[in-house]
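A.B. asks: Structure file entry_37.csv (CSV, C-alpha atoms) is given on the next line.
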```csv
chain,number,residue,atom,x,y,z
A,1,MET,CA,44.8,5.3,-12.1
A,2,LYS,CA,47.9,4.9,-9.9
A,3,LYS,CA,47.2,4.5,-6.2
A,4,PHE,CA,49.2,5.9,-3.3
A,5,LEU,CA,49.0,5.4,0.4
A,6,LEU,CA,48.8,8.5,2.6
A,7,LEU,CA,49.5,8.0,6.3
A,8,LEU,CA,47.1,10.1,8.3
A,9,ARG,CA,48.8,11.2,11.4
A,10,SER,CA,46.6,12.0,14.4
A,11,GLU,CA,48.3,15.4,14.9
A,12,ASN,CA,47.6,16.6,11.4
A,13,THR,CA,44.5,18.6,10.6
A,14,GLU,CA,42.1,18.1,7.7
A,15,VAL,CA,43.5,21.2,6.0
A,16,GLU,CA,47.1,19.7,6.2
A,17,ASN,CA,45.9,16.3,4.9
A,18,ASN,CA,44.1,17.9,2.0
A,19,LEU,CA,47.3,19.6,0.8
A,20,TYR,CA,48.9,16.1,0.5
A,21,ILE,CA,45.8,14.7,-1.2
A,22,LYS,CA,45.7,17.6,-3.7
A,23,ALA,CA,49.4,17.2,-4.5
A,24,ILE,CA,48.8,13.6,-5.6
A,25,THR,CA,45.4,13.9,-7.2
A,26,GLU,CA,46.4,17.0,-9.2
A,27,TYR,CA,48.8,14.8,-11.2
A,28,GLY,CA,46.3,12.0,-11.7
A,29,GLY,CA,47.0,9.7,-8.7
A,30,GLU,CA,44.4,8.2,-6.4
A,31,VAL,CA,44.9,8.4,-2.6
A,32,LEU,CA,44.1,5.6,-0.2
A,33,PHE,CA,44.3,6.3,3.5
A,34,VAL,CA,45.7,4.6,6.5
A,35,ARG,CA,45.5,6.2,10.0
A,36,ASP,CA,48.3,5.8,12.5
A,37,THR,CA,45.7,4.1,14.8
A,38,ASP,CA,44.7,1.5,12.2
A,39,THR,CA,45.5,-2.2,12.6
A,40,LYS,CA,48.3,-4.0,10.8
A,41,LYS,CA,45.7,-6.0,8.9
A,42,LYS,CA,44.1,-2.8,7.5
A,43,LEU,CA,47.6,-1.5,6.7
A,44,LEU,CA,48.5,-4.6,4.7
A,45,SER,CA,45.2,-4.6,2.8
A,46,VAL,CA,45.9,-1.0,1.6
A,47,LEU,CA,49.6,-1.7,0.8
A,48,ALA,CA,48.6,-4.5,-1.5
A,49,GLN,CA,46.8,-2.0,-3.7
A,50,VAL,CA,49.3,0.8,-4.0
A,51,GLU,CA,52.6,1.5,-5.9
A,52,GLY,CA,53.7,4.3,-3.6
A,53,ILE,CA,53.7,5.7,-0.1
A,54,LEU,CA,53.6,9.3,1.1
A,55,LEU,CA,54.9,9.7,4.7
A,56,PRO,CA,53.8,13.2,5.7
A,57,GLY,CA,55.0,15.7,8.2
A,58,GLY,CA,54.2,15.4,11.9
A,59,TYR,CA,55.6,15.8,15.3
A,60,ASN,CA,57.6,12.6,15.8
A,61,VAL,CA,58.2,9.2,14.5
A,62,GLY,CA,54.8,7.6,14.1
A,63,ASN,CA,53.4,4.2,14.9
A,64,TRP,CA,53.7,2.9,11.4
A,65,ASP,CA,56.6,4.9,10.0
A,66,TYR,CA,59.3,2.3,10.2
A,67,PHE,CA,57.0,-0.5,9.1
A,68,LEU,CA,56.0,1.5,6.0
A,69,ILE,CA,59.6,2.2,5.1
A,70,ASP,CA,60.5,-1.5,5.6
A,71,TYR,CA,57.6,-2.4,3.3
A,72,ALA,CA,58.5,0.2,0.6
A,73,VAL,CA,62.1,-0.9,0.5
A,74,SER,CA,61.5,-4.7,0.5
A,75,HIS,CA,58.6,-4.4,-2.0
A,76,HIS,CA,60.3,-1.8,-4.2
A,77,LEU,CA,57.5,0.7,-3.9
A,78,LYS,CA,57.9,4.4,-4.5
A,79,LEU,CA,58.3,6.4,-1.3
A,80,LEU,CA,58.1,10.1,-0.6
A,81,GLY,CA,58.9,11.3,2.9
A,82,ILE,CA,58.1,14.9,3.8
A,83,CYS,CA,59.5,16.7,6.9
A,84,GLN,CA,58.9,14.2,9.7
A,85,GLY,CA,58.5,11.5,7.0
A,86,MET,CA,62.1,12.3,5.8
A,87,GLN,CA,63.3,12.2,9.4
A,88,SER,CA,61.8,8.8,9.9
A,89,MET,CA,63.5,7.6,6.8
A,90,ALA,CA,66.9,8.9,8.0
A,91,LEU,CA,66.5,7.3,11.5
A,92,TRP,CA,65.3,3.9,10.0
A,93,GLN,CA,67.7,1.1,10.9
A,94,SER,CA,69.4,3.2,13.6
A,95,ARG,CA,69.1,3.9,17.3
A,96,ASP,CA,69.3,7.6,16.9
A,97,SER,CA,66.7,10.1,17.9
A,98,LEU,CA,65.6,13.4,16.6
A,99,ILE,CA,67.6,16.4,17.9
A,100,PRO,CA,66.3,20.0,18.4
A,101,ILE,CA,67.6,22.6,16.1
A,102,GLY,CA,67.8,25.2,18.9
A,103,SER,CA,66.4,28.1,16.9
A,104,ASP,CA,63.4,29.2,14.8
A,105,LEU,CA,65.5,29.7,11.7
A,106,HIS,CA,63.9,26.5,10.1
A,107,HIS,CA,60.4,27.2,11.2
A,108,GLN,CA,58.9,30.1,9.2
A,109,LYS,CA,55.4,30.8,8.1
A,110,GLU,CA,55.3,30.9,4.3
A,111,GLY,CA,57.4,31.3,1.2
A,112,TYR,CA,61.1,30.5,0.6
A,113,VAL,CA,63.2,30.4,3.7
A,114,HIS,CA,66.6,29.0,2.6
A,115,SER,CA,68.4,27.2,-0.2
A,116,VAL,CA,69.3,23.6,-0.5
A,117,VAL,CA,72.4,22.4,-2.3
A,118,LEU,CA,71.9,19.1,-4.2
A,119,GLU,CA,74.6,16.6,-4.8
A,120,ASP,CA,74.6,14.3,-7.8
A,121,SER,CA,71.4,12.3,-7.1
A,122,ARG,CA,68.1,11.1,-8.4
A,123,LEU,CA,66.4,14.3,-7.1
A,124,LYS,CA,69.0,16.5,-8.9
A,125,GLN,CA,68.2,14.6,-12.1
A,126,ILE,CA,64.5,15.1,-11.6
A,127,LEU,CA,64.7,18.8,-11.0
A,128,GLY,CA,67.6,19.6,-13.2
A,129,LYS,CA,69.1,22.0,-10.7
A,130,ASN,CA,72.2,22.2,-8.4
A,131,PHE,CA,70.4,24.1,-5.8
A,132,ILE,CA,66.8,25.1,-5.0
A,133,TYR,CA,64.9,27.3,-2.6
A,134,VAL,CA,62.5,25.8,-0.1
A,135,ASN,CA,60.1,26.6,2.8
A,136,SER,CA,60.8,25.3,6.3
A,137,TYR,CA,58.5,24.2,9.1
A,138,HIS,CA,60.6,22.0,11.5
A,139,TYR,CA,62.0,22.4,15.0
A,140,GLN,CA,64.0,19.1,14.9
A,141,THR,CA,66.5,17.5,12.7
A,142,VAL,CA,68.6,14.4,12.2
A,143,LYS,CA,72.4,14.2,12.6
A,144,ASN,CA,72.8,11.4,10.0
A,145,SER,CA,71.0,9.1,7.7
A,146,TYR,CA,71.7,5.4,7.5
A,147,PHE,CA,70.1,3.3,4.7
A,148,PHE,CA,69.2,6.4,2.6
A,149,ARG,CA,72.0,8.5,1.2
A,150,VAL,CA,72.3,12.2,2.2
A,151,VAL,CA,72.1,14.2,-1.1
A,152,GLY,CA,71.1,17.7,0.0
A,153,LYS,CA,71.8,20.1,2.8
A,154,SER,CA,70.8,23.6,3.8
A,155,SER,CA,73.3,26.5,3.8
A,156,ASP,CA,73.8,26.0,7.6
A,157,GLY,CA,74.5,22.3,7.2
A,158,LEU,CA,71.2,20.6,8.1
A,159,ILE,CA,70.2,17.4,6.2
A,160,GLU,CA,67.4,18.3,3.7
A,161,VAL,CA,67.3,15.5,1.2
A,162,ILE,CA,67.9,11.8,1.4
A,163,GLU,CA,67.3,9.1,-1.1
A,164,ASN,CA,67.8,5.5,-2.1
A,165,SER,CA,69.7,6.1,-5.3
A,166,ASP,CA,69.2,2.5,-6.5
A,167,HIS,CA,65.4,3.0,-6.7
A,168,ILE,CA,63.5,5.1,-9.2
A,169,PHE,CA,61.8,7.1,-6.4
A,170,GLN,CA,62.6,6.7,-2.7
A,171,ILE,CA,63.2,10.2,-1.6
A,172,GLY,CA,62.9,12.2,1.6
A,173,VAL,CA,62.8,16.0,1.8
A,174,GLU,CA,62.8,18.1,4.9
A,175,TRP,CA,60.6,20.9,3.6
A,176,HIS,CA,56.9,20.9,2.6
A,177,PRO,CA,56.6,20.9,-1.2
A,178,GLU,CA,52.8,20.3,-1.0
A,179,ARG,CA,52.5,23.9,0.4
A,180,MET,CA,54.5,25.3,-2.5
A,181,LEU,CA,52.6,23.9,-5.6
A,182,GLU,CA,51.0,27.2,-6.5
A,183,TYR,CA,54.3,29.1,-6.9
A,184,ASP,CA,57.2,26.6,-7.1
A,185,PHE,CA,58.1,24.7,-10.3
A,186,CYS,CA,60.4,22.3,-8.4
A,187,SER,CA,57.6,21.2,-6.1
A,188,ARG,CA,55.3,20.5,-9.0
A,189,LYS,CA,58.0,18.6,-10.8
A,190,LEU,CA,58.7,16.5,-7.6
A,191,PHE,CA,55.0,15.4,-7.2
A,192,SER,CA,54.4,14.9,-10.9
A,193,TYR,CA,57.5,12.6,-11.0
A,194,PHE,CA,56.4,10.8,-7.9
A,195,VAL,CA,53.0,10.0,-9.5
A,196,PHE,CA,54.1,9.2,-13.0
A,197,CYS,CA,57.6,7.7,-12.9
```
Rewrite the structure from the file as structure tokens, please.
C.D. replies:
Amino acid sequence: MKKFLLLLRSENTEVENNLYIKAITEYGGEVLFVRDTDTKKKLLSVLAQVEGILLPGGYNVGNWDYFLIDYAVSHHLKLLGICQGMQSMALWQSRDSLIPIGSDLHHQKEGYVHSVVLEDSRLKQILGKNFIYVNSYHYQTVKNSYFFRVVGKSSDGLIEVIENSDHIFQIGVEWHPERMLEYDFCSRKLFSYFVFC
């Protein structure tokens, strides 16, 4: 069984964490946990056992975000960044900070909120679509991405997808596909590919 590290952020609830866990275990993966308060020794012991990392949503760049991204890139691990996880991937290797969106347009309760147009990319190949519809739960955004290439934007121009196109799966998405599994084919395809590729 393939193993994946899930970073447990202090601000996330058990309900939120369980959505990430279910999204991996539903496709046959096993989840190992690291808390954002754990030691580097604990982190390294778990990293030695996994083939992928899930950086979940949260409020801000976490204690271990950049270290985990460093490790994933240098050790060629799969990496999926969701919402804040994607933002951390975008800010990695830069001195930039998150910036407020200035409206609630990208922070809605449930269901599809806006479309995302995909450029030629790994994610476009996985999903087989030029554009998709997504939910949205964020108040902040990034103005650029540095190491990871921007391959998808919302209709109002916000960065929604970034990836390392040279790796089979190092992708960051701004929305929450783990909340859409019951009704969205693209979300299911994203997680199934993350686990199986």
A.B. asks: Against stretch 37-61 of chain A, which residues of stretch 71-99 of chain A fall within 9 Å? For each one I want the closest pair of atoms and the distance in Å (one decimal), counting all atoms listed in the file, rows by chain and increasing residue number, as a Markdown table.
C.D. replies:
```
| residue | atom | partner | partner_atom | distance |
| --- | --- | --- | --- | --- |
| A:Tyr71 | CA | A:Leu47 | CA | 8.4 |
| A:Ala72 | CA | A:Ile53 | CA | 7.3 |
| A:His76 | CA | A:Glu51 | CA | 8.5 |
| A:Leu77 | CA | A:Gly52 | CA | 5.2 |
| A:Lys78 | CA | A:Gly52 | CA | 4.3 |
| A:Leu79 | CA | A:Ile53 | CA | 4.8 |
| A:Leu80 | CA | A:Leu54 | CA | 4.9 |
| A:Gly81 | CA | A:Leu55 | CA | 4.7 |
| A:Ile82 | CA | A:Pro56 | CA | 5.0 |
| A:Cys83 | CA | A:Gly57 | CA | 4.8 |
| A:Gln84 | CA | A:Gly57 | CA | 4.4 |
| A:Gly85 | CA | A:Leu55 | CA | 4.6 |
| A:Met86 | CA | A:Leu55 | CA | 7.7 |
| A:Gln87 | CA | A:Val61 | CA | 7.8 |
| A:Ser88 | CA | A:Val61 | CA | 5.9 |
| A:Leu98 | CA | A:Asn60 | CA | 8.1 |
```
A.B. asks: Looking at only C-alpha atoms, which of A:Phe33, A:Phe4, A:Tyr27, A:Tyr112 is the one that sits closest to A:Phe196?
C.D. replies: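 Of A:Phe33, A:Phe4, A:Tyr27, A:Tyr112, the one nearest A:Phe196 is A:Tyr27, counting only C-alpha atoms.
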A.B. asks: Between A:Phe147, A:Trp175, A:Trp92, A:Phe191, which one has atoms that come closest to A:Ser115, using all atoms listed in the file?
C.D. replies: A:Trp175
A.B. asks: Nearest to A:Arg122 among A:Asp184, A:Glu26, A:Asp166, A:Asp36, with distances taken over only C-alpha atoms: which residue is it?
C.D. replies: A:Asp166
A.B. asks: Considering all atoms listed in the file, can you say which of A:Ile159, A:Val31, A:Cys186, A:Leu7 comes closest to A:Lys143?
C.D. replies: A:Ile159
